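Source file coords_27.cif; content: mmCIF, C-alpha atoms (C1' of nucleotides).
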```
data_protein
#
loop_
_atom_site.label_atom_id
_atom_site.label_comp_id
_atom_site.auth_asym_id
_atom_site.auth_seq_id
_atom_site.Cartn_x
_atom_site.Cartn_y
_atom_site.Cartn_z
CA MET A 1 -54.87 -5.88 51.54
CA LEU A 2 -54.59 -6.24 55.22
CA LYS A 3 -55.31 -3.12 57.05
CA ILE A 4 -53.71 -2.63 60.41
CA MET A 5 -56.45 -1.50 62.61
CA GLN A 6 -55.63 -0.33 66.04
CA ALA A 7 -58.08 -2.18 68.20
CA LYS A 8 -59.84 0.06 70.61
CA LEU A 9 -58.14 0.20 73.96
CA VAL A 10 -59.81 0.36 77.30
CA THR A 11 -57.95 2.38 79.90
CA LEU A 12 -58.58 1.91 83.58
CA SER A 13 -56.88 3.22 86.70
CA ILE A 14 -55.50 1.27 89.64
CA PRO A 15 -55.22 3.14 92.93
CA THR A 16 -52.51 1.68 95.16
CA PRO A 17 -50.56 2.85 98.19
CA ASP A 18 -47.79 3.72 95.72
CA GLY A 19 -50.00 5.92 93.59
CA VAL A 20 -52.41 5.47 90.73
CA PHE A 21 -51.28 3.08 88.02
CA VAL A 22 -52.98 3.00 84.65
CA ALA A 23 -53.81 -0.20 82.77
CA HIS A 24 -54.60 -0.57 79.08
CA TYR A 25 -56.57 -3.45 77.60
CA SER A 26 -56.80 -4.60 74.02
CA ASP A 27 -59.30 -7.15 72.85
CA LYS A 28 -56.70 -9.78 73.73
CA GLY A 29 -55.91 -8.77 77.28
CA LEU A 30 -53.75 -6.49 79.36
CA CYS A 31 -51.46 -4.69 76.95
CA GLY A 32 -49.98 -1.86 78.99
CA LEU A 33 -49.30 -0.70 82.51
CA GLU A 34 -48.09 2.75 83.49
CA PHE A 35 -46.41 3.79 86.67
CA PRO A 36 -48.09 6.53 88.68
CA SER A 37 -47.39 9.92 87.22
CA ARG A 38 -47.93 13.37 88.52
CA MET A 39 -48.55 14.56 85.00
CA LYS A 40 -52.00 15.00 83.55
CA LYS A 41 -54.18 11.94 83.84
CA PRO A 42 -55.09 9.98 80.73
CA ARG A 43 -58.73 9.53 79.89
CA ILE A 44 -60.01 6.77 82.08
CA GLN A 45 -63.12 4.79 81.31
CA SER A 46 -63.44 4.17 84.95
CA ASP A 47 -67.09 3.53 84.86
CA THR A 48 -68.10 -0.02 85.14
CA ASP A 49 -70.78 0.00 82.47
CA GLU A 50 -68.47 1.48 79.95
CA SER A 51 -66.18 -1.52 79.76
CA PRO A 52 -67.28 -4.97 78.76
CA ARG A 53 -67.72 -7.51 81.48
CA ARG A 54 -64.70 -9.41 80.18
CA VAL A 55 -62.44 -6.40 80.57
CA ARG A 56 -63.71 -5.78 84.01
CA ALA A 57 -62.82 -9.33 84.96
CA TRP A 58 -59.34 -8.85 83.53
CA HIS A 59 -58.97 -5.61 85.38
CA ALA A 60 -59.93 -7.17 88.67
CA ALA A 61 -57.16 -9.71 88.15
CA THR A 62 -54.69 -6.99 87.24
CA VAL A 63 -55.49 -4.95 90.32
CA LYS A 64 -55.08 -7.92 92.59
CA ALA A 65 -51.86 -9.09 90.97
CA LEU A 66 -50.35 -5.63 90.97
CA LYS A 67 -51.09 -5.03 94.61
CA ARG A 68 -49.59 -8.38 95.48
CA VAL A 69 -46.38 -7.70 93.59
CA LEU A 70 -46.15 -4.23 95.07
CA SER A 71 -46.19 -5.79 98.48
CA GLY A 72 -43.49 -8.25 97.54
CA LYS A 73 -45.69 -11.28 97.04
CA PRO A 74 -46.11 -13.49 93.97
CA PRO A 75 -48.74 -12.09 91.61
CA GLY A 76 -51.14 -14.96 91.73
CA ARG A 77 -53.38 -15.27 88.71
CA LEU A 78 -52.71 -12.84 85.90
CA PRO A 79 -55.17 -11.67 83.29
CA PRO A 80 -54.36 -12.61 79.70
CA VAL A 81 -51.39 -10.56 78.63
CA ASP A 82 -51.19 -9.08 75.15
CA LEU A 83 -47.58 -8.61 74.12
CA SER A 84 -48.30 -8.33 70.43
CA SER A 85 -47.14 -4.73 70.18
CA GLY A 86 -43.53 -5.90 70.29
CA THR A 87 -41.19 -7.22 67.65
CA ASP A 88 -40.46 -10.94 67.63
CA PHE A 89 -37.29 -10.33 69.56
CA GLN A 90 -39.00 -8.19 72.16
CA GLN A 91 -41.77 -10.69 72.62
CA ARG A 92 -39.25 -13.45 73.19
CA VAL A 93 -37.53 -11.34 75.83
CA TRP A 94 -40.77 -10.35 77.52
CA ARG A 95 -41.92 -13.95 77.66
CA ALA A 96 -38.61 -14.94 79.21
CA LEU A 97 -39.07 -12.26 81.84
CA GLN A 98 -42.38 -13.77 82.84
CA ASP A 99 -40.52 -16.91 83.92
CA ILE A 100 -38.42 -15.10 86.52
CA SER A 101 -40.19 -15.68 89.77
CA ARG A 102 -40.34 -13.45 92.78
CA GLY A 103 -37.04 -13.12 94.58
CA LYS A 104 -35.04 -14.41 91.62
CA THR A 105 -32.98 -12.40 89.19
CA LEU A 106 -31.21 -12.94 85.89
CA SER A 107 -28.53 -10.90 84.21
CA TYR A 108 -29.11 -9.36 80.80
CA GLY A 109 -26.69 -11.91 79.44
CA GLN A 110 -28.58 -14.78 81.03
CA VAL A 111 -31.82 -13.58 79.48
CA ALA A 112 -30.10 -13.41 76.12
CA THR A 113 -28.93 -16.97 76.54
CA ALA A 114 -32.38 -18.05 77.68
CA ILE A 115 -33.93 -16.88 74.43
CA GLY A 116 -31.21 -18.56 72.41
CA ASN A 117 -29.39 -15.42 71.35
CA PRO A 118 -26.51 -15.08 73.79
CA LYS A 119 -24.74 -12.31 71.94
CA ALA A 120 -27.81 -10.10 71.96
CA LEU A 121 -27.33 -9.24 75.60
CA ARG A 122 -27.19 -5.59 74.89
CA ALA A 123 -30.37 -5.71 72.88
CA VAL A 124 -32.04 -7.44 75.80
CA GLY A 125 -31.56 -4.23 77.72
CA GLY A 126 -33.37 -2.38 74.99
CA ALA A 127 -36.23 -4.85 75.02
CA CYS A 128 -36.55 -4.61 78.79
CA GLY A 129 -36.77 -0.87 78.45
CA ALA A 130 -39.58 -1.29 75.95
CA ASN A 131 -41.56 -3.63 78.19
CA PRO A 132 -45.15 -2.37 78.05
CA ILE A 133 -46.19 -4.08 81.27
CA PRO A 134 -43.61 -3.33 83.95
CA VAL A 135 -43.99 -4.90 87.39
CA LEU A 136 -46.23 -7.71 86.17
CA VAL A 137 -43.81 -8.55 83.38
CA PRO A 138 -40.93 -8.32 85.81
CA CYS A 139 -38.21 -6.50 83.95
CA HIS A 140 -37.01 -5.21 87.33
CA ARG A 141 -35.63 -8.69 87.99
CA VAL A 142 -32.97 -8.30 85.34
CA LEU A 143 -29.68 -7.05 86.74
CA ALA A 144 -26.35 -6.24 85.16
CA ALA A 145 -23.52 -8.70 85.40
CA ASN A 146 -21.94 -9.17 88.81
CA GLN A 147 -25.26 -8.32 90.49
CA ARG A 148 -25.08 -4.64 89.70
CA LEU A 149 -28.35 -2.84 89.37
CA GLY A 150 -28.33 -1.86 85.72
CA GLY A 151 -30.95 0.51 84.40
CA PHE A 152 -34.70 0.92 84.55
CA GLY A 153 -36.97 2.88 82.28
CA GLY A 154 -39.47 3.65 85.01
CA GLY A 155 -36.71 5.15 87.15
CA LEU A 156 -34.16 3.34 89.25
CA ASP A 157 -36.03 4.20 92.45
CA TRP A 158 -38.81 1.91 91.31
CA LYS A 159 -36.39 -0.87 90.49
CA ARG A 160 -34.77 -0.59 93.90
CA ALA A 161 -38.13 -0.49 95.65
CA LEU A 162 -39.50 -3.54 93.87
CA LEU A 163 -36.35 -5.57 94.43
CA THR A 164 -36.17 -4.57 98.07
CA ARG A 165 -39.74 -5.70 98.63
CA GLU A 166 -38.82 -9.03 97.05
CA ARG A 167 -35.83 -9.32 99.36
CA VAL A 168 -33.40 -9.23 96.49
CA GLN A 169 -29.91 -7.89 97.10
CA TRP A 170 -27.67 -6.22 94.57
CA SER A 171 -24.25 -4.71 94.69
"C1'" DC B 1 -12.72 4.23 89.34
"C1'" DC B 2 -11.98 4.98 84.24
"C1'" DC B 3 -11.66 3.66 79.30
"C1'" DT B 4 -12.26 0.72 75.10
"C1'" DA B 5 -13.78 -2.67 71.89
"C1'" DG B 6 -17.30 -5.64 70.47
"C1'" DC B 7 -21.86 -6.79 70.28
"C1'" DG B 8 -27.32 -7.01 68.30
"C1'" DG B 9 -31.96 -4.73 67.85
"C1'" DT B 10 -34.42 -0.63 66.87
"C1'" DG B 11 -35.71 3.62 64.92
"C1'" DC B 12 -34.61 7.37 62.37
"C1'" DT B 13 -33.15 9.42 57.66
"C1'" DA C 1 -28.73 1.41 53.00
"C1'" DG C 2 -26.55 3.86 56.73
"C1'" DC C 3 -26.08 5.42 61.32
"C1'" DA C 4 -26.61 6.61 66.01
"C1'" DC C 5 -28.47 5.37 69.75
"C1'" DC C 6 -28.64 1.76 74.09
"C1'" DG C 7 -31.43 -0.71 80.94
"C1'" DC C 8 -24.53 -4.72 78.28
"C1'" DT C 9 -20.07 -7.17 79.14
"C1'" DA C 10 -15.21 -8.46 79.56
"C1'" DG C 11 -10.85 -6.91 79.77
"C1'" DG C 12 -7.18 -3.60 80.91
"C1'" DG C 13 -5.31 0.50 83.09
#
```
As structure tokens - that is how I would like this structure written.
Amino acid sequence: MLKIMQAKLVTLSIPTPDGVFVAHYSDKGLCGLEFPSRMKKPRIQSDTDESPRRVRAWHAATVKALKRVLSGKPPGRLPPVDLSSGTDFQQRVWRALQDISRGKTLSYGQVATAIGNPKALRAVGGACGANPIPVLVPCHRVLAANQRLGGFGGGLDWKRALLTRERVQWS
DNA sequence: CCCTAGCGGTGCT
DNA sequence: AGCACCGCTAGGG
């Protein structure tokens, strides 16, 4: 019998000019990123000794990549990304999102077509909303048809800000 | 602008 | 199994 064991997560904070993001790491890599929140802070193992050297290396890459994207630049090198929390469908969507480069956008329908399931365009919206690693897995680059903004789980202000910094226009 | 029908994945009962 | 969500879209007032 295969037991599902929740691998221990390491949680580290990322101070930026936009606020303090929070990153989660599994044993496979970066598995979550949270937007800054004014609510109570999660428990952070901020101390360097606490986290394995490997995680610290991943985190350094995350911090760098995040700051670059927040300033409208390409992310550069990413840490390993662990998307295994998602269903097969979600993972296919999230992987497709990773191929949208800075300054480019796709519609929900185009993402659906890209993963070979063109009629699942509505479900693509759901998968984007469930993206565990916003910003670095760039779900903000998915717009509604006819270049309209569409939605954003992290709040539309964030979507507008990220797109603006990438010089993307919408209608 | 509004409405409506059709659509697929997900999570709840 | 059923059912109600949805970050959707195309078509028609």
Query raised in the report: What do you get, as a ChimeraX atom specification, if you spell out every residue that the PyMOL selection byres ((chain C) within 10 of (chain A)) selects here?
Result: /C:6-9
Write the residues of the selection above to a file with C-alpha atoms (C1' of nucleotides), as an mmCIF file, in the coordinates of the input.
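Saved as again.cif:
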```cif
data_model
loop_
_atom_site.group_PDB
_atom_site.id
_atom_site.type_symbol
_atom_site.label_atom_id
_atom_site.label_comp_id
_atom_site.auth_asym_id
_atom_site.auth_seq_id
_atom_site.Cartn_x
_atom_site.Cartn_y
_atom_site.Cartn_z
ATOM 1 C "C1'" DC C 6 -28.640 1.760 74.090
ATOM 2 C "C1'" DG C 7 -31.430 -0.710 80.940
ATOM 3 C "C1'" DC C 8 -24.530 -4.720 78.280
ATOM 4 C "C1'" DT C 9 -20.070 -7.170 79.140
#
```
Query - Proximity to chain B - best of A:Pro17, A:Gly155, A:Pro118, A:Pro138, all atoms listed in the file - result: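 The shortest atom-to-atom distance to chain B comes from A:Pro118.
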Query raised in the report: If you count all atoms listed in the file, which residues fall within 12 Å of Arg95 of chain A, apart from same-chain ones fewer than 6 positions away, as a list in words?
Result: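 In the requested format, the answer is Val81, Asp82, Leu83, Ser84, Gly86, Asp88, Phe89, Val111, Ala112, Ala114, Ile115, Val124, Ala127, Cys128, Asn131, Ile133, Leu136, Val137, Pro138 and Cys139 of chain A.
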Report task. Could you please select, counting all atoms listed in the file, the residues of chain B within 9 Å of chain A and state them as a list in words? Result -> DC7, DG8, DG9 and DT10 of chain B
Query raised in the report: How far is it from atom CA of Gly32 of chain A to atom CA of Val135 of chain A, in Å with one decimal?
Result: 10.8 Å
Requested in this report: Just say which residues the PyMOL selection byres ((chain C and resi 1-4) around 10) picks in this file, as a PyMOL selection string.
Outcome: (chain B and resi 11-13) or (chain C and resi 5-6)
Requested in this report: Might you pull out every residue within 12 Å of DG12 of chain C, with all atoms listed in the file counted and same-chain residues fewer than 2 positions away left off, and present them as a list of chain:residue names?
Outcome: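 So, after excluding close chain neighbours, the residues are B:DC2, B:DC3, B:DT4, B:DA5, C:DA10.
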Requested in this report: Can you work out the spacing between atom CA of Thr62 of chain A and atom CA of Pro134 of chain A in Å, to one decimal?
Outcome: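 Distance reported for this atom pair: 12.1 Å.
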Return as AutoDock Vina command-line options the centre and edge lengths, in Å with one decimal, of the box along x, y and z that encloses every atom of chain C in the file, padded by 4 Å per side.
```
--center_x -18.4 --center_y -0.9 --center_z 68.0 --size_x 34.1 --size_y 23.1 --size_z 38.1
```
Report task. Determine the residue set returned by the PyMOL selection byres ((chain A and resi 170) around 7) for the present structure, and present it as a list of chain:residue names. Result -> A:Gln147, A:Arg148, A:Leu149, A:Val168, A:Gln169, A:Ser171
**Report entry** Straight-line distance linking atom CA of Val63 of chain A with atom CA of Thr164 of chain A, stated in Å to one decimal
**Finding:** 20.8 Å
